[in-house]
Amino acid sequence: MKSAFRQSMAWLHTWVGLLLSWVLFFIFLTGTVGYFDDELDDWMTPETPSFTASVDESMPIVEQFFATKGAELKDYSVSFPVDRTQPFLTISYRDAYNKRQRVKLNPYTGEELTPRATAGGQTLYRMHYRLRYIPTKIAYYIVGVATMFMFLALITGVVIHKKIFKEFFTFRRSKKPTAWLDGHNLMSVMSLPFHFMITFTGFLLLLYTLMPLIMNVHYGEGKEGRDAFFKEYFSRTSVKAAGINEPSLGLEKLLERADKEMAGKPIAWISMSNLGDQNAIFEAGSIHNNLSDSRDKWVFDANNGELIKAQIGHESSKSFYYVLRSLHEGLFASTSLRWLYFLTGILGTGMIASGMVLWTVKRRAKAIKNDGGSFGYRFTEGLNLACLLGLPAGIAMYLTANRVLPVELSERALWEVNSLFITFSVFILVAVAKAIGKKADSAWVSLSFLTGFLYALVPLVNAVTTEHNLIFSLLKQNWLFVGVDAVCIIVAMACFILGNYLNKLFNVRIEEKGISTSADFKRGHAS
Amino acid sequence: MRLVLDTHKVEVINRTLLAVIGGSAFSILLCLCVSLLLPIEKMHAVAWSTMLVFIVFPVVVMWSFNVSNLKKAVSFLSILVVFFAVANWLLLTTGEGL
């Protein structure tokens with residue numbers, strides 16, 4: 001019975017894995033790239049450098065800005081360029097028509113920065129849970145179901161390989177299907193804790209969307225119940241203006257108060273509501289630089305500077321929730337830890353990709369023998385191939401589009417995203433058409449080379465259209481631009497090597513086709 | 001990897017149904033019961049028990065593939081589901097734990 005159990009788990013692992021591997025590959029790759037969302041934002045707006053300036057250094061500019069706006073600013077917030085997520089001095093406020101405005105300033109000169117319209121790294125990162133072109137709620141459910149399958153695939157994967165540590169050190173390079181299997185195991189086990197963490201915490205980020213029932217029983221149905229719970233749980237307080245005028249303390253005084261209360265923690269942002277009213281509120285928050293300090297803030301009465309509430313850390317379920325959430329988002333991570341996040345994310349993507357390849361490889365030998373295999377097999381191979389190469393190629397086009405689309409194009413940001421999905425769609429069409437036409441081999445080779453070419457194009461286009469070519473960036477030690485160029489070149493080279501390898505592999509196979517007892521055949525068939 | 005025996009396929013489909021339908025009903029009802037009984041602030045009880053759903057559900061899924069007798073498993077899980085449904089109904093109508 002035990003072995004039958006393991007066999008059924010293996011069956012489950014294979015089919016559950018295959019069914020959602022396309023969505024999961026998308027989620028993992030865009031999410032992994034998303035660990036560098038702010039860096040990509042910078043890269044995609046090359047005309048504006050990113051700044052670092054302390055609160056003291058930026059304050060003259062802030063005051064100068066408010067002086068030019070006059071007294072009509074009642075609600076505003078300022079974020080200072082003290083963190084990677086805040087590369088500019090950003091001021092948002094409600095203007096005279098009660099419309100939200102947002103300006104990005106140079107913290108030293110006060111010059112307003114107007115970078116090109118771009119979807120940026122944020123859009124790429126947001127796609128990993130929001131997907132694209134479909135309603136938000138449906139996207140969340142698809143991602144939620146995919147996450148559950150991922151969780152189950154991880155658990156069943158562990159169950160299948162009871163000798164997990166022995167197999168971890170087994171790498172049979174020369175045998176083709178088993179080499180893929182060993183590679184799949186290697187990538188899975190190497191960062192297994194990360195995979196479990198990222199999958200489980202993924203649930204938490206969509207928690208009350210995926211599982212609203214318990215909340216609804218306690219707090220009422222629908223949006224009202226949700227709002228009531230969120231107001232209580234996430235303490236979303238908003239104070240209404242009393243309508244009675246009362247002078248507020250100066251910004252300088254309030255900052256002094258905040259500095260004192262925050263006990264040496266640097267201020268990252270401040271916000272003011274109802275300035276000049278009896279209910280004027282001043283808030284200050286610190287940088288998010290460890291696991292448990294997300295959303296720490298200090299709330300003051302802006303009229304007398306009294307501390308109303310210091311929200312530091314969380315209690316009970318909230319600390320659990322926020323720590324796990326921070327683990328998923330990695331906002332606290334320093335550059336080196338961020339690279340580790342990125343690399344483990346790539347391993348996760350590789351785990352899914354190798355699983356998809358494994359599915360194909362195991363059925364390939366038999367399919368070739370049976371005149372190309374069933375329609376289902378060919379279609380699936382085409383889709384696997386289209387996803388594995390199409391999405392990375394789309395991301396390369398997304399970066400290229402940022403450089404080549406005309407700046408005055410209306411809806412420019414949208415067209416950047418469209419160019420990603422147009423590339424992806426073309427890959428799907430070509431790959432599926434070729435695979436159904438029994439020419440999957442040539443599709444694998446040509447699309448690998450095409451993807452490599454698209455990645456090689458990114459540093460070239462970047463060098464032509466901006467002043468940040470690789471040599472200049474190296475000389476100026478502009479590591480961000482060096483990093484993007486380097487990653488693109490590495491991916492391009494990997495794609496060329498892959499294309500070359502596959503080309504040789506398939507040519508050999510075609511030559512051997514005449515001799516029906518090729519070694520490759522037997523091995524594939526035996527598995 | 002492919003299951004050759006058809007009975008195996010049927011077995012897997014039945015177990016999947018048990019896992020998805022029975023598993024979600026059981027885990028939601030169990031966690032709802034937990035949320036009604038936890039002697040802590042209401043919002044934390046809701047949060048903890050909602051998070052618990054995502055641990056209980058995969059465990060039930062694994063259990064439904066592990067259990068040897070499927071018929072016994074179905075009746076066992078049904079009894080539990082009915083038990084927790086009644087318990088929740090009683091707790092909610094008597095207002096206990098709220």
# chains A, B, ... in the order shown; residues from 1 in each chain; ligands from 1
>>> residues_around(residues="segment 76-83 of chain B", least_positions_apart="2", cutoff="10 Å", atoms="only C-alpha atoms", output="JSON, numbers by chain")
{"B": [18, 22, 23, 24, 25, 26, 27, 28, 29, 30, 60, 64, 70, 71, 72, 73, 74, 85, 86, 87, 88, 89]}
>>> write_last_selection(atoms="N, CA and C atoms", output="PDB file, in the first residue's frame")
ATOM      1  N   LEU B  18     -12.555  13.953  -2.554  1.00  0.00           N
ATOM      2  CA  LEU B  18     -12.604  13.953  -1.090  1.00  0.00           C
ATOM      3  C   LEU B  18     -11.732  15.076  -0.545  1.00  0.00           C
ATOM      4  N   GLY B  22     -14.366  17.675   0.628  1.00  0.00           N
ATOM      5  CA  GLY B  22     -14.356  17.366   2.056  1.00  0.00           C
ATOM      6  C   GLY B  22     -13.322  18.199   2.790  1.00  0.00           C
ATOM      7  N   GLY B  23     -12.152  18.333   2.175  1.00  0.00           N
ATOM      8  CA  GLY B  23     -11.054  19.061   2.813  1.00  0.00           C
ATOM      9  C   GLY B  23     -11.410  20.507   3.069  1.00  0.00           C
ATOM     10  N   SER B  24     -11.999  21.183   2.060  1.00  0.00           N
ATOM     11  CA  SER B  24     -12.294  22.601   2.278  1.00  0.00           C
ATOM     12  C   SER B  24     -13.430  22.763   3.274  1.00  0.00           C
ATOM     13  N   ALA B  25     -14.470  21.907   3.183  1.00  0.00           N
ATOM     14  CA  ALA B  25     -15.571  22.016   4.146  1.00  0.00           C
ATOM     15  C   ALA B  25     -15.054  21.792   5.558  1.00  0.00           C
ATOM     16  N   PHE B  26     -14.253  20.731   5.727  1.00  0.00           N
ATOM     17  CA  PHE B  26     -13.752  20.404   7.063  1.00  0.00           C
ATOM     18  C   PHE B  26     -12.860  21.517   7.598  1.00  0.00           C
ATOM     19  N   SER B  27     -11.907  21.980   6.769  1.00  0.00           N
ATOM     20  CA  SER B  27     -10.937  22.952   7.304  1.00  0.00           C
ATOM     21  C   SER B  27     -11.612  24.280   7.627  1.00  0.00           C
ATOM     22  N   ILE B  28     -12.570  24.701   6.796  1.00  0.00           N
ATOM     23  CA  ILE B  28     -13.245  25.963   7.086  1.00  0.00           C
ATOM     24  C   ILE B  28     -14.088  25.842   8.357  1.00  0.00           C
ATOM     25  N   LEU B  29     -14.838  24.734   8.467  1.00  0.00           N
ATOM     26  CA  LEU B  29     -15.696  24.590   9.644  1.00  0.00           C
ATOM     27  C   LEU B  29     -14.881  24.441  10.920  1.00  0.00           C
ATOM     28  N   LEU B  30     -13.803  23.662  10.849  1.00  0.00           N
ATOM     29  CA  LEU B  30     -12.944  23.505  12.025  1.00  0.00           C
ATOM     30  C   LEU B  30     -12.385  24.858  12.458  1.00  0.00           C
ATOM     31  N   VAL B  60      -5.280  17.873   5.324  1.00  0.00           N
ATOM     32  CA  VAL B  60      -6.412  16.998   5.000  1.00  0.00           C
ATOM     33  C   VAL B  60      -6.220  16.402   3.605  1.00  0.00           C
ATOM     34  N   SER B  64      -6.110  12.481   2.867  1.00  0.00           N
ATOM     35  CA  SER B  64      -7.050  11.763   2.009  1.00  0.00           C
ATOM     36  C   SER B  64      -6.327  10.937   0.941  1.00  0.00           C
ATOM     37  N   LEU B  70     -10.921   4.136   1.544  1.00  0.00           N
ATOM     38  CA  LEU B  70     -11.534   5.389   1.111  1.00  0.00           C
ATOM     39  C   LEU B  70     -12.937   5.556   1.669  1.00  0.00           C
ATOM     40  N   LYS B  71     -13.712   4.451   1.706  1.00  0.00           N
ATOM     41  CA  LYS B  71     -15.095   4.544   2.189  1.00  0.00           C
ATOM     42  C   LYS B  71     -15.136   4.972   3.651  1.00  0.00           C
ATOM     43  N   LYS B  72     -14.251   4.348   4.429  1.00  0.00           N
ATOM     44  CA  LYS B  72     -14.172   4.716   5.848  1.00  0.00           C
ATOM     45  C   LYS B  72     -13.770   6.186   5.984  1.00  0.00           C
ATOM     46  N   ALA B  73     -12.831   6.601   5.125  1.00  0.00           N
ATOM     47  CA  ALA B  73     -12.342   7.979   5.183  1.00  0.00           C
ATOM     48  C   ALA B  73     -13.477   8.953   4.911  1.00  0.00           C
ATOM     49  N   VAL B  74     -14.307   8.642   3.870  1.00  0.00           N
ATOM     50  CA  VAL B  74     -15.415   9.535   3.521  1.00  0.00           C
ATOM     51  C   VAL B  74     -16.380   9.649   4.686  1.00  0.00           C
ATOM     52  N   ALA B  85     -20.208  21.486  11.938  1.00  0.00           N
ATOM     53  CA  ALA B  85     -21.297  22.349  11.482  1.00  0.00           C
ATOM     54  C   ALA B  85     -22.281  22.581  12.617  1.00  0.00           C
ATOM     55  N   VAL B  86     -22.644  21.492  13.310  1.00  0.00           N
ATOM     56  CA  VAL B  86     -23.576  21.612  14.430  1.00  0.00           C
ATOM     57  C   VAL B  86     -22.963  22.446  15.551  1.00  0.00           C
ATOM     58  N   ALA B  87     -21.703  22.185  15.848  1.00  0.00           N
ATOM     59  CA  ALA B  87     -21.022  22.930  16.908  1.00  0.00           C
ATOM     60  C   ALA B  87     -21.023  24.426  16.598  1.00  0.00           C
ATOM     61  N   ASN B  88     -20.704  24.771  15.346  1.00  0.00           N
ATOM     62  CA  ASN B  88     -20.692  26.180  14.958  1.00  0.00           C
ATOM     63  C   ASN B  88     -22.076  26.794  15.083  1.00  0.00           C
ATOM     64  N   TRP B  89     -23.083  26.012  14.626  1.00  0.00           N
ATOM     65  CA  TRP B  89     -24.451  26.525  14.666  1.00  0.00           C
ATOM     66  C   TRP B  89     -24.870  26.796  16.105  1.00  0.00           C
TER      67      TRP B  89
END
>>> interface_residues(of="chain A", to="chain B", cutoff="10 Å", atoms="only C-alpha atoms", output="ChimeraX atom specification")
/A:1-2,4-15,148-149,151-152,155-156,159,200-201,203-204,207-208,210-219,229-230,232-234,315-318,320-321,359,362,527
>>> write_last_selection(atoms="N, CA and C atoms", output="compact mmCIF listing (two decimals), in the first residue's frame")
# COMPACT_ATOMS: atom_id res chain seq x y z
N MET A 1 0.83 -1.21 0.00
CA MET A 1 0.00 0.00 0.00
C MET A 1 0.86 1.25 0.00
N LYS A 2 1.95 1.18 0.77
CA LYS A 2 2.82 2.35 0.86
C LYS A 2 3.34 2.77 -0.51
N ALA A 4 2.02 2.04 -3.38
CA ALA A 4 0.89 2.52 -4.18
C ALA A 4 0.60 3.97 -3.82
N PHE A 5 0.72 4.26 -2.53
CA PHE A 5 0.50 5.64 -2.08
C PHE A 5 1.50 6.58 -2.74
N ARG A 6 2.77 6.15 -2.72
CA ARG A 6 3.80 7.00 -3.30
C ARG A 6 3.56 7.17 -4.80
N GLN A 7 3.08 6.07 -5.41
CA GLN A 7 2.81 6.12 -6.85
C GLN A 7 1.69 7.10 -7.16
N SER A 8 0.64 7.06 -6.32
CA SER A 8 -0.47 7.99 -6.58
C SER A 8 -0.03 9.42 -6.31
N MET A 9 0.85 9.60 -5.33
CA MET A 9 1.38 10.93 -5.07
C MET A 9 2.21 11.42 -6.24
N ALA A 10 2.97 10.49 -6.82
CA ALA A 10 3.78 10.85 -7.98
C ALA A 10 2.89 11.27 -9.13
N TRP A 11 1.80 10.51 -9.30
CA TRP A 11 0.82 10.84 -10.34
C TRP A 11 0.27 12.24 -10.11
N LEU A 12 -0.11 12.48 -8.84
CA LEU A 12 -0.67 13.79 -8.47
C LEU A 12 0.36 14.89 -8.73
N HIS A 13 1.59 14.64 -8.32
CA HIS A 13 2.66 15.63 -8.47
C HIS A 13 2.85 15.99 -9.94
N THR A 14 2.87 14.96 -10.79
CA THR A 14 3.09 15.20 -12.21
C THR A 14 1.99 16.05 -12.82
N TRP A 15 0.74 15.64 -12.59
CA TRP A 15 -0.36 16.31 -13.30
C TRP A 15 -0.73 17.63 -12.68
N MET A 148 -2.04 27.13 -4.00
CA MET A 148 -2.39 25.89 -3.31
C MET A 148 -1.78 24.68 -4.03
N PHE A 149 -1.83 24.70 -5.36
CA PHE A 149 -1.23 23.60 -6.11
C PHE A 149 0.27 23.55 -5.88
N PHE A 151 1.82 24.52 -3.21
CA PHE A 151 2.00 24.00 -1.87
C PHE A 151 1.89 22.47 -1.88
N LEU A 152 0.85 21.98 -2.59
CA LEU A 152 0.66 20.53 -2.67
C LEU A 152 1.79 19.88 -3.47
N ILE A 155 4.68 19.51 -1.16
CA ILE A 155 4.52 18.45 -0.17
C ILE A 155 4.62 17.09 -0.84
N THR A 156 3.87 16.90 -1.96
CA THR A 156 3.92 15.60 -2.62
C THR A 156 5.33 15.33 -3.15
N VAL A 159 7.20 13.92 -0.43
CA VAL A 159 6.75 12.56 -0.13
C VAL A 159 7.32 11.55 -1.13
N PHE A 200 3.70 29.65 1.30
CA PHE A 200 2.76 29.85 2.40
C PHE A 200 2.50 31.34 2.65
N THR A 201 3.55 32.14 2.62
CA THR A 201 3.34 33.57 2.85
C THR A 201 2.58 34.20 1.70
N PHE A 203 -0.08 32.96 0.48
CA PHE A 203 -1.47 32.91 0.92
C PHE A 203 -1.79 34.13 1.79
N LEU A 204 -0.85 34.47 2.68
CA LEU A 204 -1.15 35.51 3.66
C LEU A 204 -1.43 36.85 2.99
N LEU A 207 -4.89 36.80 1.96
CA LEU A 207 -5.61 36.01 2.96
C LEU A 207 -7.12 36.21 2.95
N TYR A 208 -7.56 37.45 3.15
CA TYR A 208 -9.00 37.69 3.34
C TYR A 208 -9.74 37.77 2.02
N LEU A 210 -8.99 35.34 -0.38
CA LEU A 210 -9.16 33.93 -0.66
C LEU A 210 -10.09 33.26 0.35
N MET A 211 -10.03 33.69 1.58
CA MET A 211 -10.77 33.00 2.64
C MET A 211 -11.52 34.03 3.50
N PRO A 212 -12.59 34.64 2.93
CA PRO A 212 -13.27 35.69 3.70
C PRO A 212 -14.33 35.14 4.66
N LEU A 213 -14.56 33.82 4.64
CA LEU A 213 -15.74 33.28 5.33
C LEU A 213 -15.73 33.52 6.84
N ILE A 214 -14.58 33.23 7.47
CA ILE A 214 -14.54 33.37 8.93
C ILE A 214 -14.72 34.83 9.33
N MET A 215 -14.07 35.72 8.54
CA MET A 215 -14.24 37.15 8.78
C MET A 215 -15.70 37.55 8.62
N ASN A 216 -16.36 37.00 7.59
CA ASN A 216 -17.76 37.36 7.33
C ASN A 216 -18.69 36.91 8.45
N VAL A 217 -18.39 35.73 9.02
CA VAL A 217 -19.24 35.24 10.10
C VAL A 217 -19.18 36.20 11.30
N HIS A 218 -17.99 36.72 11.57
CA HIS A 218 -17.83 37.58 12.74
C HIS A 218 -18.19 39.03 12.49
N TYR A 219 -17.93 39.52 11.27
CA TYR A 219 -18.05 40.96 11.04
C TYR A 219 -19.13 41.33 10.03
N PHE A 229 -13.86 44.88 9.59
CA PHE A 229 -12.73 44.10 10.10
C PHE A 229 -11.41 44.82 9.82
N PHE A 230 -11.26 45.31 8.59
CA PHE A 230 -9.99 45.96 8.21
C PHE A 230 -9.75 47.20 9.04
N GLU A 232 -10.71 47.72 12.08
CA GLU A 232 -10.29 47.33 13.41
C GLU A 232 -8.88 46.71 13.39
N TYR A 233 -8.67 45.80 12.43
CA TYR A 233 -7.44 45.02 12.45
C TYR A 233 -6.23 45.82 11.99
N PHE A 234 -6.38 46.52 10.88
CA PHE A 234 -5.24 47.26 10.35
C PHE A 234 -5.22 48.71 10.83
N GLU A 315 1.22 43.05 17.99
CA GLU A 315 1.02 42.01 18.98
C GLU A 315 0.25 40.85 18.35
N SER A 316 0.33 39.70 19.02
CA SER A 316 -0.45 38.51 18.66
C SER A 316 -0.36 38.20 17.17
N SER A 317 -1.53 37.96 16.55
CA SER A 317 -1.53 37.51 15.17
C SER A 317 -0.92 38.53 14.22
N LYS A 318 -0.94 39.80 14.61
CA LYS A 318 -0.43 40.81 13.68
C LYS A 318 1.07 40.72 13.51
N PHE A 320 2.87 37.99 13.80
CA PHE A 320 3.06 36.81 12.96
C PHE A 320 2.81 37.15 11.50
N TYR A 321 1.67 37.79 11.27
CA TYR A 321 1.25 38.16 9.91
C TYR A 321 2.28 39.07 9.25
N TRP A 359 8.65 16.58 -17.90
CA TRP A 359 7.40 16.01 -18.40
C TRP A 359 7.55 15.71 -19.90
N LYS A 362 10.35 12.88 -20.70
CA LYS A 362 9.92 11.52 -20.39
C LYS A 362 9.02 10.92 -21.46
N SER A 527 12.39 4.60 -19.22
CA SER A 527 12.00 5.33 -18.01
C SER A 527 10.49 5.33 -17.82
>>> atom_distance(atom1="atom CA of Thr68 of chain A", atom2="atom CA of Leu251 of chain A")
15.7 Å
>>> residues_around(residues="segment 383-397 of chain A", least_positions_apart="6", cutoff="9 Å", atoms="only C-alpha atoms", output="PyMOL selection string")
chain A and resi 21-22+25-26+29-30+124+353+356-357+360+416+419-432+435+440+443-444+447-448+450-452+454-458+488
>>> select_by_dssp(residues="segment 13-176 of chain A", states="strand (DSSP E or B)", output="list in words")
Tyr76, Ser77, Val78, Ser79, Asp83, Gln86, Leu89, Thr90, Ile91, Ser92, Tyr93, Arg94, Arg100, Gln101, Arg102, Val103, Lys104, Leu105 and Glu112 of chain A
>>> select_by_dssp(residues="segment 108-237 of chain A", states="helix (DSSP H, G or I)", output="count of residues only")
93
>>> atom_distance(atom1="atom CA of Leu254 of chain A", atom2="atom CA of Asn303 of chain A")
9.1 Å
>>> closest_residue(among="A:Glu72, A:Leu275, A:Asp83, A:Met493", to="Tyr97 of chain A", atoms="only C-alpha atoms")
A:Glu72
>>> residues_around(residues="Leu502 of chain A", least_positions_apart="5", cutoff="10 Å", atoms="only C-alpha atoms", output="list in words")
Asp441, Ser442, Trp444, Val445, Ser446, Ser448, Phe496, Ile497, Asn507 and Val508 of chain A
